[in-house]
>>> print(open('start-v3.pdb').read())   # PDB, C-alpha atoms and all ligand atoms
ATOM      1  CA  MET A   1      26.647  44.217  24.328  1.00  0.00           C
ATOM      2  CA  ALA A   2      25.604  43.272  20.817  1.00  0.00           C
ATOM      3  CA  HIS A   3      22.004  42.179  20.290  1.00  0.00           C
ATOM      4  CA  PRO A   4      21.642  38.556  19.327  1.00  0.00           C
ATOM      5  CA  THR A   5      21.073  38.094  15.608  1.00  0.00           C
ATOM      6  CA  LYS A   6      19.455  35.122  13.987  1.00  0.00           C
ATOM      7  CA  ASP A   7      22.928  33.633  13.681  1.00  0.00           C
ATOM      8  CA  THR A   8      23.724  33.950  17.371  1.00  0.00           C
ATOM      9  CA  LEU A   9      20.326  33.097  18.879  1.00  0.00           C
ATOM     10  CA  PRO A  10      20.262  29.839  20.807  1.00  0.00           C
ATOM     11  CA  ILE A  11      18.654  27.062  18.805  1.00  0.00           C
ATOM     12  CA  LYS A  12      15.800  26.900  21.335  1.00  0.00           C
ATOM     13  CA  GLU A  13      14.888  30.501  20.444  1.00  0.00           C
ATOM     14  CA  ARG A  14      15.301  29.851  16.718  1.00  0.00           C
ATOM     15  CA  LEU A  15      12.920  26.922  17.011  1.00  0.00           C
ATOM     16  CA  ARG A  16      10.374  28.992  18.916  1.00  0.00           C
ATOM     17  CA  GLN A  17      10.348  31.512  16.051  1.00  0.00           C
ATOM     18  CA  ILE A  18       9.387  28.955  13.436  1.00  0.00           C
ATOM     19  CA  PRO A  19       5.654  28.977  12.847  1.00  0.00           C
ATOM     20  CA  SER A  20       3.695  25.743  12.526  1.00  0.00           C
ATOM     21  CA  LEU A  21       0.136  25.029  11.390  1.00  0.00           C
ATOM     22  CA  MET A  22      -0.108  28.376   9.605  1.00  0.00           C
ATOM     23  CA  ALA A  23      -3.444  29.643   8.329  1.00  0.00           C
ATOM     24  CA  PRO A  24      -5.216  29.221   6.049  1.00  0.00           C
ATOM     25  CA  LEU A  25      -5.800  25.566   6.820  1.00  0.00           C
ATOM     26  CA  PRO A  26      -8.866  23.706   5.582  1.00  0.00           C
ATOM     27  CA  ASP A  27     -11.598  22.698   7.986  1.00  0.00           C
ATOM     28  CA  ILE A  28     -13.113  19.261   7.562  1.00  0.00           C
ATOM     29  CA  ASP A  29     -16.649  18.078   7.995  1.00  0.00           C
ATOM     30  CA  LEU A  30     -16.193  14.806   9.872  1.00  0.00           C
ATOM     31  CA  SER A  31     -19.713  13.680   8.966  1.00  0.00           C
ATOM     32  CA  SER A  32     -18.701  13.636   5.306  1.00  0.00           C
ATOM     33  CA  MET A  33     -15.568  11.520   5.730  1.00  0.00           C
ATOM     34  CA  PRO A  34     -15.793   8.413   3.494  1.00  0.00           C
ATOM     35  CA  ALA A  35     -16.637   4.959   4.837  1.00  0.00           C
ATOM     36  CA  THR A  36     -13.149   3.534   4.360  1.00  0.00           C
ATOM     37  CA  PRO A  37      -9.652   4.879   4.992  1.00  0.00           C
ATOM     38  CA  HIS A  38      -8.720   3.921   1.434  1.00  0.00           C
ATOM     39  CA  GLU A  39     -11.290   6.349   0.013  1.00  0.00           C
ATOM     40  CA  ALA A  40     -10.372   9.009   2.556  1.00  0.00           C
ATOM     41  CA  PHE A  41      -6.693   8.667   1.658  1.00  0.00           C
ATOM     42  CA  ALA A  42      -7.411   9.001  -2.062  1.00  0.00           C
ATOM     43  CA  LEU A  43      -9.423  12.187  -1.419  1.00  0.00           C
ATOM     44  CA  TRP A  44      -6.792  13.698   0.824  1.00  0.00           C
ATOM     45  CA  LEU A  45      -4.008  12.816  -1.612  1.00  0.00           C
ATOM     46  CA  GLU A  46      -5.844  14.699  -4.385  1.00  0.00           C
ATOM     47  CA  SER A  47      -6.250  17.702  -2.066  1.00  0.00           C
ATOM     48  CA  ALA A  48      -2.534  17.574  -1.274  1.00  0.00           C
ATOM     49  CA  LEU A  49      -1.646  17.545  -4.968  1.00  0.00           C
ATOM     50  CA  GLU A  50      -4.041  20.437  -5.651  1.00  0.00           C
ATOM     51  CA  ALA A  51      -2.531  22.385  -2.739  1.00  0.00           C
ATOM     52  CA  GLY A  52       0.951  21.899  -4.217  1.00  0.00           C
ATOM     53  CA  VAL A  53       2.277  19.688  -1.411  1.00  0.00           C
ATOM     54  CA  LYS A  54       5.687  18.498  -2.557  1.00  0.00           C
ATOM     55  CA  GLU A  55       6.139  14.732  -2.575  1.00  0.00           C
ATOM     56  CA  PRO A  56       2.893  13.883  -0.795  1.00  0.00           C
ATOM     57  CA  HIS A  57       3.739  10.246  -1.490  1.00  0.00           C
ATOM     58  CA  ALA A  58       6.728  10.431   0.874  1.00  0.00           C
ATOM     59  CA  MET A  59       5.935   8.725   4.155  1.00  0.00           C
ATOM     60  CA  THR A  60       7.774   7.621   7.271  1.00  0.00           C
ATOM     61  CA  LEU A  61       7.966   3.866   7.776  1.00  0.00           C
ATOM     62  CA  SER A  62       8.507   2.979  11.435  1.00  0.00           C
ATOM     63  CA  THR A  63       9.776  -0.430  12.449  1.00  0.00           C
ATOM     64  CA  VAL A  64      11.392  -1.986  15.499  1.00  0.00           C
ATOM     65  CA  ASP A  65      14.703  -3.829  15.612  1.00  0.00           C
ATOM     66  CA  GLU A  66      15.507  -7.106  17.328  1.00  0.00           C
ATOM     67  CA  HIS A  67      15.871  -5.313  20.688  1.00  0.00           C
ATOM     68  CA  GLY A  68      12.476  -3.659  20.361  1.00  0.00           C
ATOM     69  CA  TRP A  69      14.105  -0.293  19.595  1.00  0.00           C
ATOM     70  CA  PRO A  70      12.175   1.883  17.174  1.00  0.00           C
ATOM     71  CA  ASP A  71      13.644   2.861  13.826  1.00  0.00           C
ATOM     72  CA  ALA A  72      12.156   5.065  11.106  1.00  0.00           C
ATOM     73  CA  ARG A  73      12.915   6.393   7.647  1.00  0.00           C
ATOM     74  CA  VAL A  74      11.166   8.025   4.695  1.00  0.00           C
ATOM     75  CA  LEU A  75       9.980   5.901   1.760  1.00  0.00           C
ATOM     76  CA  ILE A  76       7.861   6.459  -1.316  1.00  0.00           C
ATOM     77  CA  LEU A  77       4.297   5.168  -1.389  1.00  0.00           C
ATOM     78  CA  LYS A  78       3.869   3.074  -4.549  1.00  0.00           C
ATOM     79  CA  ASN A  79       0.238   2.035  -4.498  1.00  0.00           C
ATOM     80  CA  VAL A  80      -2.876   1.740  -2.397  1.00  0.00           C
ATOM     81  CA  ASP A  81      -5.323  -1.104  -2.977  1.00  0.00           C
ATOM     82  CA  ALA A  82      -7.498  -3.495  -0.988  1.00  0.00           C
ATOM     83  CA  ARG A  83      -4.331  -5.132   0.359  1.00  0.00           C
ATOM     84  CA  GLY A  84      -3.049  -1.878   1.768  1.00  0.00           C
ATOM     85  CA  TRP A  85      -0.387   0.797   1.309  1.00  0.00           C
ATOM     86  CA  HIS A  86       2.625  -0.398  -0.722  1.00  0.00           C
ATOM     87  CA  PHE A  87       6.331   0.398  -0.615  1.00  0.00           C
ATOM     88  CA  ALA A  88       9.418  -1.103  -2.247  1.00  0.00           C
ATOM     89  CA  ILE A  89      12.692  -1.879  -0.466  1.00  0.00           C
ATOM     90  CA  LYS A  90      15.696  -4.164  -0.419  1.00  0.00           C
ATOM     91  CA  ARG A  91      15.074  -7.263   1.670  1.00  0.00           C
ATOM     92  CA  GLU A  92      18.567  -7.286   3.150  1.00  0.00           C
ATOM     93  CA  SER A  93      18.452  -3.614   4.277  1.00  0.00           C
ATOM     94  CA  PRO A  94      18.033  -2.939   8.000  1.00  0.00           C
ATOM     95  CA  LYS A  95      14.336  -2.141   7.528  1.00  0.00           C
ATOM     96  CA  GLY A  96      13.852  -5.289   5.428  1.00  0.00           C
ATOM     97  CA  LEU A  97      15.378  -7.481   8.147  1.00  0.00           C
ATOM     98  CA  GLN A  98      13.415  -5.645  10.838  1.00  0.00           C
ATOM     99  CA  ILE A  99      10.147  -6.263   8.983  1.00  0.00           C
ATOM    100  CA  GLU A 100      10.968  -9.944   8.552  1.00  0.00           C
ATOM    101  CA  ALA A 101      11.465 -10.306  12.308  1.00  0.00           C
ATOM    102  CA  GLN A 102       8.553  -8.025  13.287  1.00  0.00           C
ATOM    103  CA  PRO A 103       6.068  -7.253  10.516  1.00  0.00           C
ATOM    104  CA  MET A 104       3.954  -4.837  12.585  1.00  0.00           C
ATOM    105  CA  VAL A 105       4.866  -1.375  11.278  1.00  0.00           C
ATOM    106  CA  SER A 106       3.481   2.121  11.034  1.00  0.00           C
ATOM    107  CA  LEU A 107       3.332   4.649   8.205  1.00  0.00           C
ATOM    108  CA  THR A 108       3.070   8.418   8.719  1.00  0.00           C
ATOM    109  CA  PHE A 109       2.370  11.157   6.195  1.00  0.00           C
ATOM    110  CA  TYR A 110       2.632  14.887   6.926  1.00  0.00           C
ATOM    111  CA  TRP A 111       1.418  17.499   4.471  1.00  0.00           C
ATOM    112  CA  PRO A 112       2.364  20.921   5.901  1.00  0.00           C
ATOM    113  CA  ALA A 113       0.507  23.115   3.378  1.00  0.00           C
ATOM    114  CA  LEU A 114      -2.767  21.538   4.541  1.00  0.00           C
ATOM    115  CA  GLY A 115      -1.790  20.890   8.163  1.00  0.00           C
ATOM    116  CA  ARG A 116      -2.641  17.236   7.672  1.00  0.00           C
ATOM    117  CA  GLN A 117      -1.180  14.061   9.093  1.00  0.00           C
ATOM    118  CA  ILE A 118      -2.200  10.489   8.317  1.00  0.00           C
ATOM    119  CA  ARG A 119      -1.066   7.570  10.467  1.00  0.00           C
ATOM    120  CA  LEU A 120      -1.497   3.861   9.805  1.00  0.00           C
ATOM    121  CA  ARG A 121      -0.550   0.797  11.832  1.00  0.00           C
ATOM    122  CA  GLY A 122      -0.632  -2.740  10.546  1.00  0.00           C
ATOM    123  CA  GLU A 123       1.166  -5.767   9.254  1.00  0.00           C
ATOM    124  CA  ALA A 124       3.584  -5.509   6.342  1.00  0.00           C
ATOM    125  CA  VAL A 125       2.986  -8.388   3.938  1.00  0.00           C
ATOM    126  CA  GLU A 126       5.316  -9.273   1.078  1.00  0.00           C
ATOM    127  CA  LEU A 127       3.617  -9.128  -2.328  1.00  0.00           C
ATOM    128  CA  PRO A 128       3.964 -12.063  -4.762  1.00  0.00           C
ATOM    129  CA  ALA A 129       7.313 -12.413  -6.570  1.00  0.00           C
ATOM    130  CA  GLN A 130       5.723 -11.421  -9.891  1.00  0.00           C
ATOM    131  CA  GLU A 131       4.660  -8.034  -8.513  1.00  0.00           C
ATOM    132  CA  CYS A 132       8.065  -7.442  -6.919  1.00  0.00           C
ATOM    133  CA  ALA A 133       9.675  -8.216 -10.293  1.00  0.00           C
ATOM    134  CA  GLU A 134       7.314  -5.867 -12.153  1.00  0.00           C
ATOM    135  CA  ASP A 135       8.103  -3.087  -9.721  1.00  0.00           C
ATOM    136  CA  PHE A 136      11.840  -3.626 -10.127  1.00  0.00           C
ATOM    137  CA  LEU A 137      11.648  -3.684 -13.926  1.00  0.00           C
ATOM    138  CA  GLY A 138       9.519  -0.522 -13.905  1.00  0.00           C
ATOM    139  CA  ARG A 139      12.309   1.460 -12.233  1.00  0.00           C
ATOM    140  CA  PRO A 140      14.682   3.673 -14.246  1.00  0.00           C
ATOM    141  CA  VAL A 141      17.918   1.918 -15.143  1.00  0.00           C
ATOM    142  CA  GLY A 142      19.954   4.067 -12.752  1.00  0.00           C
ATOM    143  CA  SER A 143      17.708   3.070  -9.856  1.00  0.00           C
ATOM    144  CA  ARG A 144      17.970  -0.585 -10.823  1.00  0.00           C
ATOM    145  CA  ALA A 145      21.768  -0.344 -10.995  1.00  0.00           C
ATOM    146  CA  SER A 146      21.850   1.357  -7.616  1.00  0.00           C
ATOM    147  CA  ALA A 147      19.638  -1.340  -6.095  1.00  0.00           C
ATOM    148  CA  ILE A 148      22.018  -4.013  -7.408  1.00  0.00           C
ATOM    149  CA  ALA A 149      25.215  -2.199  -6.407  1.00  0.00           C
ATOM    150  CA  SER A 150      24.339  -0.785  -3.009  1.00  0.00           C
ATOM    151  CA  LYS A 151      25.086  -2.585   0.237  1.00  0.00           C
ATOM    152  CA  GLN A 152      22.423  -0.339   1.686  1.00  0.00           C
ATOM    153  CA  SER A 153      23.149   1.144   5.115  1.00  0.00           C
ATOM    154  CA  GLU A 154      26.439  -0.724   5.557  1.00  0.00           C
ATOM    155  CA  ILE A 155      29.525   1.378   6.303  1.00  0.00           C
ATOM    156  CA  LEU A 156      31.006   2.832   3.105  1.00  0.00           C
ATOM    157  CA  ASP A 157      34.660   3.671   3.610  1.00  0.00           C
ATOM    158  CA  ASN A 158      35.761   3.351   0.028  1.00  0.00           C
ATOM    159  CA  GLU A 159      34.300   5.672  -2.615  1.00  0.00           C
ATOM    160  CA  GLU A 160      36.089   3.751  -5.373  1.00  0.00           C
ATOM    161  CA  MET A 161      34.254   0.595  -4.389  1.00  0.00           C
ATOM    162  CA  LEU A 162      30.926   2.413  -4.778  1.00  0.00           C
ATOM    163  CA  VAL A 163      31.866   3.796  -8.194  1.00  0.00           C
ATOM    164  CA  LYS A 164      33.078   0.384  -9.346  1.00  0.00           C
ATOM    165  CA  ARG A 165      30.041  -1.532  -8.108  1.00  0.00           C
ATOM    166  CA  LEU A 166      27.735   0.994  -9.782  1.00  0.00           C
ATOM    167  CA  ALA A 167      29.639   0.781 -13.088  1.00  0.00           C
ATOM    168  CA  ASP A 168      29.602  -3.029 -12.894  1.00  0.00           C
ATOM    169  CA  ALA A 169      25.867  -3.044 -12.229  1.00  0.00           C
ATOM    170  CA  GLN A 170      25.209  -0.677 -15.131  1.00  0.00           C
ATOM    171  CA  ALA A 171      27.293  -2.810 -17.495  1.00  0.00           C
ATOM    172  CA  PHE A 172      25.520  -5.930 -16.253  1.00  0.00           C
ATOM    173  CA  LEU A 173      22.084  -4.383 -16.920  1.00  0.00           C
ATOM    174  CA  GLU A 174      23.113  -3.474 -20.463  1.00  0.00           C
ATOM    175  CA  THR A 175      23.584  -7.154 -21.244  1.00  0.00           C
ATOM    176  CA  HIS A 176      20.829  -8.401 -18.888  1.00  0.00           C
ATOM    177  CA  PRO A 177      18.027  -5.821 -19.247  1.00  0.00           C
ATOM    178  CA  ALA A 178      15.399  -8.215 -17.875  1.00  0.00           C
ATOM    179  CA  HIS A 179      17.387  -8.952 -14.710  1.00  0.00           C
ATOM    180  CA  VAL A 180      15.370  -8.779 -11.502  1.00  0.00           C
ATOM    181  CA  GLU A 181      17.367  -8.291  -8.326  1.00  0.00           C
ATOM    182  CA  PRO A 182      16.389 -11.204  -6.068  1.00  0.00           C
ATOM    183  CA  GLY A 183      16.264  -9.095  -2.901  1.00  0.00           C
ATOM    184  CA  TRP A 184      13.792  -6.545  -4.291  1.00  0.00           C
ATOM    185  CA  ARG A 185      10.569  -6.591  -2.304  1.00  0.00           C
ATOM    186  CA  VAL A 186       7.269  -4.783  -2.448  1.00  0.00           C
ATOM    187  CA  TYR A 187       5.276  -4.851   0.774  1.00  0.00           C
ATOM    188  CA  SER A 188       1.728  -3.836   1.492  1.00  0.00           C
ATOM    189  CA  VAL A 189       0.723  -2.597   4.903  1.00  0.00           C
ATOM    190  CA  LYS A 190      -2.789  -3.754   5.711  1.00  0.00           C
ATOM    191  CA  PRO A 191      -3.820  -1.288   8.372  1.00  0.00           C
ATOM    192  CA  THR A 192      -5.746  -2.155  11.521  1.00  0.00           C
ATOM    193  CA  VAL A 193      -5.982   1.528  12.471  1.00  0.00           C
ATOM    194  CA  VAL A 194      -5.808   4.646  10.293  1.00  0.00           C
ATOM    195  CA  GLU A 195      -6.028   8.163  11.679  1.00  0.00           C
ATOM    196  CA  PHE A 196      -6.687  11.316   9.655  1.00  0.00           C
ATOM    197  CA  TRP A 197      -5.572  14.463  11.474  1.00  0.00           C
ATOM    198  CA  GLN A 198      -6.575  17.940  10.387  1.00  0.00           C
ATOM    199  CA  GLY A 199      -4.583  20.572  12.212  1.00  0.00           C
ATOM    200  CA  SER A 200      -6.140  23.871  13.127  1.00  0.00           C
ATOM    201  CA  THR A 201      -4.486  27.211  13.885  1.00  0.00           C
ATOM    202  CA  ASP A 202      -6.575  27.416  17.084  1.00  0.00           C
ATOM    203  CA  ARG A 203      -5.183  23.979  18.061  1.00  0.00           C
ATOM    204  CA  ASN A 204      -8.674  22.508  18.041  1.00  0.00           C
ATOM    205  CA  HIS A 205      -7.489  19.779  15.713  1.00  0.00           C
ATOM    206  CA  LYS A 206      -9.938  17.357  14.163  1.00  0.00           C
ATOM    207  CA  ARG A 207      -9.030  13.682  14.293  1.00  0.00           C
ATOM    208  CA  TRP A 208     -10.922  10.882  12.592  1.00  0.00           C
ATOM    209  CA  CYS A 209      -9.942   7.301  13.294  1.00  0.00           C
ATOM    210  CA  TYR A 210     -10.831   4.157  11.331  1.00  0.00           C
ATOM    211  CA  THR A 211     -10.465   0.803  13.123  1.00  0.00           C
ATOM    212  CA  ALA A 212     -10.744  -2.481  11.247  1.00  0.00           C
ATOM    213  CA  SER A 213     -13.062  -5.214  12.481  1.00  0.00           C
ATOM    214  CA  GLN A 214     -11.488  -8.429  13.773  1.00  0.00           C
ATOM    215  CA  ASP A 215     -11.901 -10.176  10.398  1.00  0.00           C
ATOM    216  CA  GLY A 216     -10.690  -7.066   8.567  1.00  0.00           C
ATOM    217  CA  THR A 217     -13.821  -6.716   6.434  1.00  0.00           C
ATOM    218  CA  ALA A 218     -15.432  -3.631   8.012  1.00  0.00           C
ATOM    219  CA  TRP A 219     -14.410  -0.292   9.481  1.00  0.00           C
ATOM    220  CA  SER A 220     -15.667   1.483  12.554  1.00  0.00           C
ATOM    221  CA  THR A 221     -14.990   5.191  12.946  1.00  0.00           C
ATOM    222  CA  ALA A 222     -14.533   7.506  15.894  1.00  0.00           C
ATOM    223  CA  ARG A 223     -13.590  11.093  16.565  1.00  0.00           C
ATOM    224  CA  LEU A 224     -10.541  11.511  18.820  1.00  0.00           C
ATOM    225  CA  TRP A 225      -9.783  14.314  21.248  1.00  0.00           C
ATOM    226  CA  PRO A 226      -7.291  16.787  19.834  1.00  0.00           C
TER     227      PRO A 226
HETATM  228  C1  LIG B 301      11.962  11.272  -0.086  1.00  0.00           C
HETATM  229  C2  LIG B 301      12.671   9.959   0.167  1.00  0.00           C
HETATM  230  C3  LIG B 301      12.227   8.831  -0.486  1.00  0.00           C
HETATM  231  C4  LIG B 301      12.834   7.593  -0.250  1.00  0.00           C
HETATM  232  N1  LIG B 301      12.309   6.481  -0.853  1.00  0.00           N
HETATM  233  C5  LIG B 301      12.828   5.274  -0.560  1.00  0.00           C
HETATM  234  C6  LIG B 301      12.196   4.090  -1.065  1.00  0.00           C
HETATM  235  O1  LIG B 301      11.140   4.134  -1.730  1.00  0.00           O
HETATM  236  N2  LIG B 301      12.774   2.893  -0.767  1.00  0.00           N
HETATM  237  C7  LIG B 301      13.912   2.796   0.017  1.00  0.00           C
HETATM  238  O2  LIG B 301      14.373   1.669   0.262  1.00  0.00           O
HETATM  239  N3  LIG B 301      14.510   3.904   0.532  1.00  0.00           N
HETATM  240  C8  LIG B 301      13.997   5.135   0.275  1.00  0.00           C
HETATM  241  N4  LIG B 301      14.568   6.262   0.809  1.00  0.00           N
HETATM  242  C9  LIG B 301      15.790   6.101   1.656  1.00  0.00           C
HETATM  243  C10 LIG B 301      15.391   5.653   3.080  1.00  0.00           C
HETATM  244  O3  LIG B 301      14.871   6.754   3.807  1.00  0.00           O
HETATM  245  C11 LIG B 301      16.568   5.053   3.879  1.00  0.00           C
HETATM  246  O4  LIG B 301      17.622   5.977   3.964  1.00  0.00           O
HETATM  247  C12 LIG B 301      17.137   3.767   3.252  1.00  0.00           C
HETATM  248  O5  LIG B 301      16.114   2.956   2.696  1.00  0.00           O
HETATM  249  C13 LIG B 301      17.909   2.946   4.302  1.00  0.00           C
HETATM  250  O6  LIG B 301      17.029   2.609   5.360  1.00  0.00           O
HETATM  251  P1  LIG B 301      17.360   1.469   6.438  1.00  0.00           P
HETATM  252  O7  LIG B 301      18.805   1.635   6.848  1.00  0.00           O
HETATM  253  O8  LIG B 301      16.424   1.720   7.579  1.00  0.00           O
HETATM  254  O9  LIG B 301      17.099   0.139   5.785  1.00  0.00           O
HETATM  255  C14 LIG B 301      13.967   7.510   0.622  1.00  0.00           C
HETATM  256  C15 LIG B 301      14.403   8.662   1.278  1.00  0.00           C
HETATM  257  C16 LIG B 301      13.754   9.869   1.072  1.00  0.00           C
HETATM  258  C17 LIG B 301      14.222  11.090   1.849  1.00  0.00           C
END
>>> encode(input="start-v3.pdb", output="structure tokens")
Amino acid sequence: MAHPTKDTLPIKERLRQIPSLMAPLPDIDLSSMPATPHEAFALWLESALEAGVKEPHAMTLSTVDEHGWPDARVLILKNVDARGWHFAIKRESPKGLQIEAQPMVSLTFYWPALGRQIRLRGEAVELPAQECAEDFLGRPVGSRASAIASKQSEILDNEEMLVKRLADAQAFLETHPAHVEPGWRVYSVKPTVVEFWQGSTDRNHKRWCYTASQDGTAWSTARLWP
């Protein structure tokens, strides 16, 4: 009988062969973690960039739908400030409608080259219209046209319709370069809890958790079990 090759191995075996949390991973000194998750995030983001992590600003936004079912997708982080972690979406997309009905969301980053994960939970708050407009106008023209043309996440059963709506949107932007799509939204997630997770090859992972005070003005910190 022929030996199984990588092409014939059951997927369970293929998955078992894939390494995770490969050395060398950095160790962290928990006593030197900054006082706020904002500072810690900025430091870790720089480390990720230095380590060559691709798209470290890609994060998973988790929401729940009207039945309480979880939903999740990857978005780009656009800013971090005192108001929180920002992302930009279309209001009428599934995630936009989910956030309107239930603004409690979570954000998750994973940076494999460093074995690091960052998790945040908090309320998504819409930024003022002026900031949403600035974000929209700052996008490349192709992205703006796509945002205007796309019926995001609806069933697309007609390629011609997509091509036509895109061409129409592009033509429209040529004559209306200052147009701001009304449904464009930037949200900030003001976290109540932020966890920084440093994986270790010996599985003795280090976890550092920031919890906001009731009034949101101070942070307490704690180490978590791996
Ligand atoms: C790397 C990456 C970055 C993305 N960035 C965004 C983004 O910033 N905004 C956005 O609306 N969708 C972004 N998407 C697409 C979303 O993951 C998702 O497919 C889309 O927004 C529809 O989500 P929904 O049906 O839950 O509303 C990105 C996808 C990937 C893989």
>>> residues_near_ligand(input="start-v3.pdb", ligand="ligand LIG 301 (chain B)", cutoff="12 Å", atoms="all atoms listed in the file", output="ChimeraX atom specification")
/A:54-65,70-79,86-99,109,135-136,139,143-144,146-147,150-155,183-187
>>> closest_residue(input="start-v3.pdb", among="A:Leu173, A:Ala101, A:Ala145, A:Ala124", to="A:Val189", atoms="only C-alpha atoms")
A:Ala124
>>> resolve_selection(input="start-v3.pdb", expression="the PyMOL selection byres (((chain A and resi 208) around 9) and not hetatm)", output="list in words")
Leu30, Met33, Val194, Glu195, Phe196, Trp197, Gln198, Lys206, Arg207, Cys209, Tyr210, Thr221, Ala222, Arg223 and Leu224 of chain A
>>> write_last_selection(input="start-v3.pdb", atoms="C-alpha atoms", output="short mmCIF file (atom, residue, chain, number, x, y, z; two decimals), in the frame of the given file")
data_model
loop_
_atom_site.label_atom_id
_atom_site.label_comp_id
_atom_site.auth_asym_id
_atom_site.auth_seq_id
_atom_site.Cartn_x
_atom_site.Cartn_y
_atom_site.Cartn_z
CA LEU A 30 -16.19 14.81 9.87
CA MET A 33 -15.57 11.52 5.73
CA VAL A 194 -5.81 4.65 10.29
CA GLU A 195 -6.03 8.16 11.68
CA PHE A 196 -6.69 11.32 9.65
CA TRP A 197 -5.57 14.46 11.47
CA GLN A 198 -6.58 17.94 10.39
CA LYS A 206 -9.94 17.36 14.16
CA ARG A 207 -9.03 13.68 14.29
CA CYS A 209 -9.94 7.30 13.29
CA TYR A 210 -10.83 4.16 11.33
CA THR A 221 -14.99 5.19 12.95
CA ALA A 222 -14.53 7.51 15.89
CA ARG A 223 -13.59 11.09 16.57
CA LEU A 224 -10.54 11.51 18.82
#
>>> atom_distance(input="start-v3.pdb", atom1="atom CA of A:Leu25", atom2="atom CA of A:Glu46")
15.6 Å
>>> closest_residue(input="start-v3.pdb", among="A:Ala149, A:Ala129, A:Leu45, A:Ala23", to="A:Ala113", atoms="all atoms listed in the file")
A:Ala23
>>> residues_near_point(input="start-v3.pdb", point="(-5.9, 28.0, 17.0)", cutoff="12 Å", atoms="only C-alpha atoms", output="number ranges by chain")
A: 20-25, 27, 199-206, 226
>>> atom_distance(input="start-v3.pdb", atom1="atom CA of A:Thr192", atom2="atom CA of A:Thr211")
5.8 Å
>>> atom_distance(input="start-v3.pdb", atom1="atom CA of A:Gly84", atom2="atom CA of A:Leu137")
21.6 Å
>>> resolve_selection(input="start-v3.pdb", expression="the PyMOL selection byres (((chain A and resi 121) around 7) and not hetatm)", output="mmCIF file with C-alpha atoms, in the frame of the given file")
data_model
loop_
_atom_site.group_PDB
_atom_site.id
_atom_site.type_symbol
_atom_site.label_atom_id
_atom_site.label_comp_id
_atom_site.auth_asym_id
_atom_site.auth_seq_id
_atom_site.Cartn_x
_atom_site.Cartn_y
_atom_site.Cartn_z
ATOM 1 C CA VAL A 105 4.866 -1.375 11.278
ATOM 2 C CA SER A 106 3.481 2.121 11.034
ATOM 3 C CA LEU A 107 3.332 4.649 8.205
ATOM 4 C CA ARG A 119 -1.066 7.570 10.467
ATOM 5 C CA LEU A 120 -1.497 3.861 9.805
ATOM 6 C CA GLY A 122 -0.632 -2.740 10.546
ATOM 7 C CA PRO A 191 -3.820 -1.288 8.372
ATOM 8 C CA THR A 192 -5.746 -2.155 11.521
ATOM 9 C CA VAL A 193 -5.982 1.528 12.471
ATOM 10 C CA VAL A 194 -5.808 4.646 10.293
#
>>> axis_aligned_box(input="start-v3.pdb", around="stretch 174-178 of chain A", padding_each_side="8 Å", output="lines of an AutoDock Vina configuration file")
center_x = 19.5
center_y = -5.9
center_z = -19.6
size_x = 24.2
size_y = 20.9
size_z = 19.4
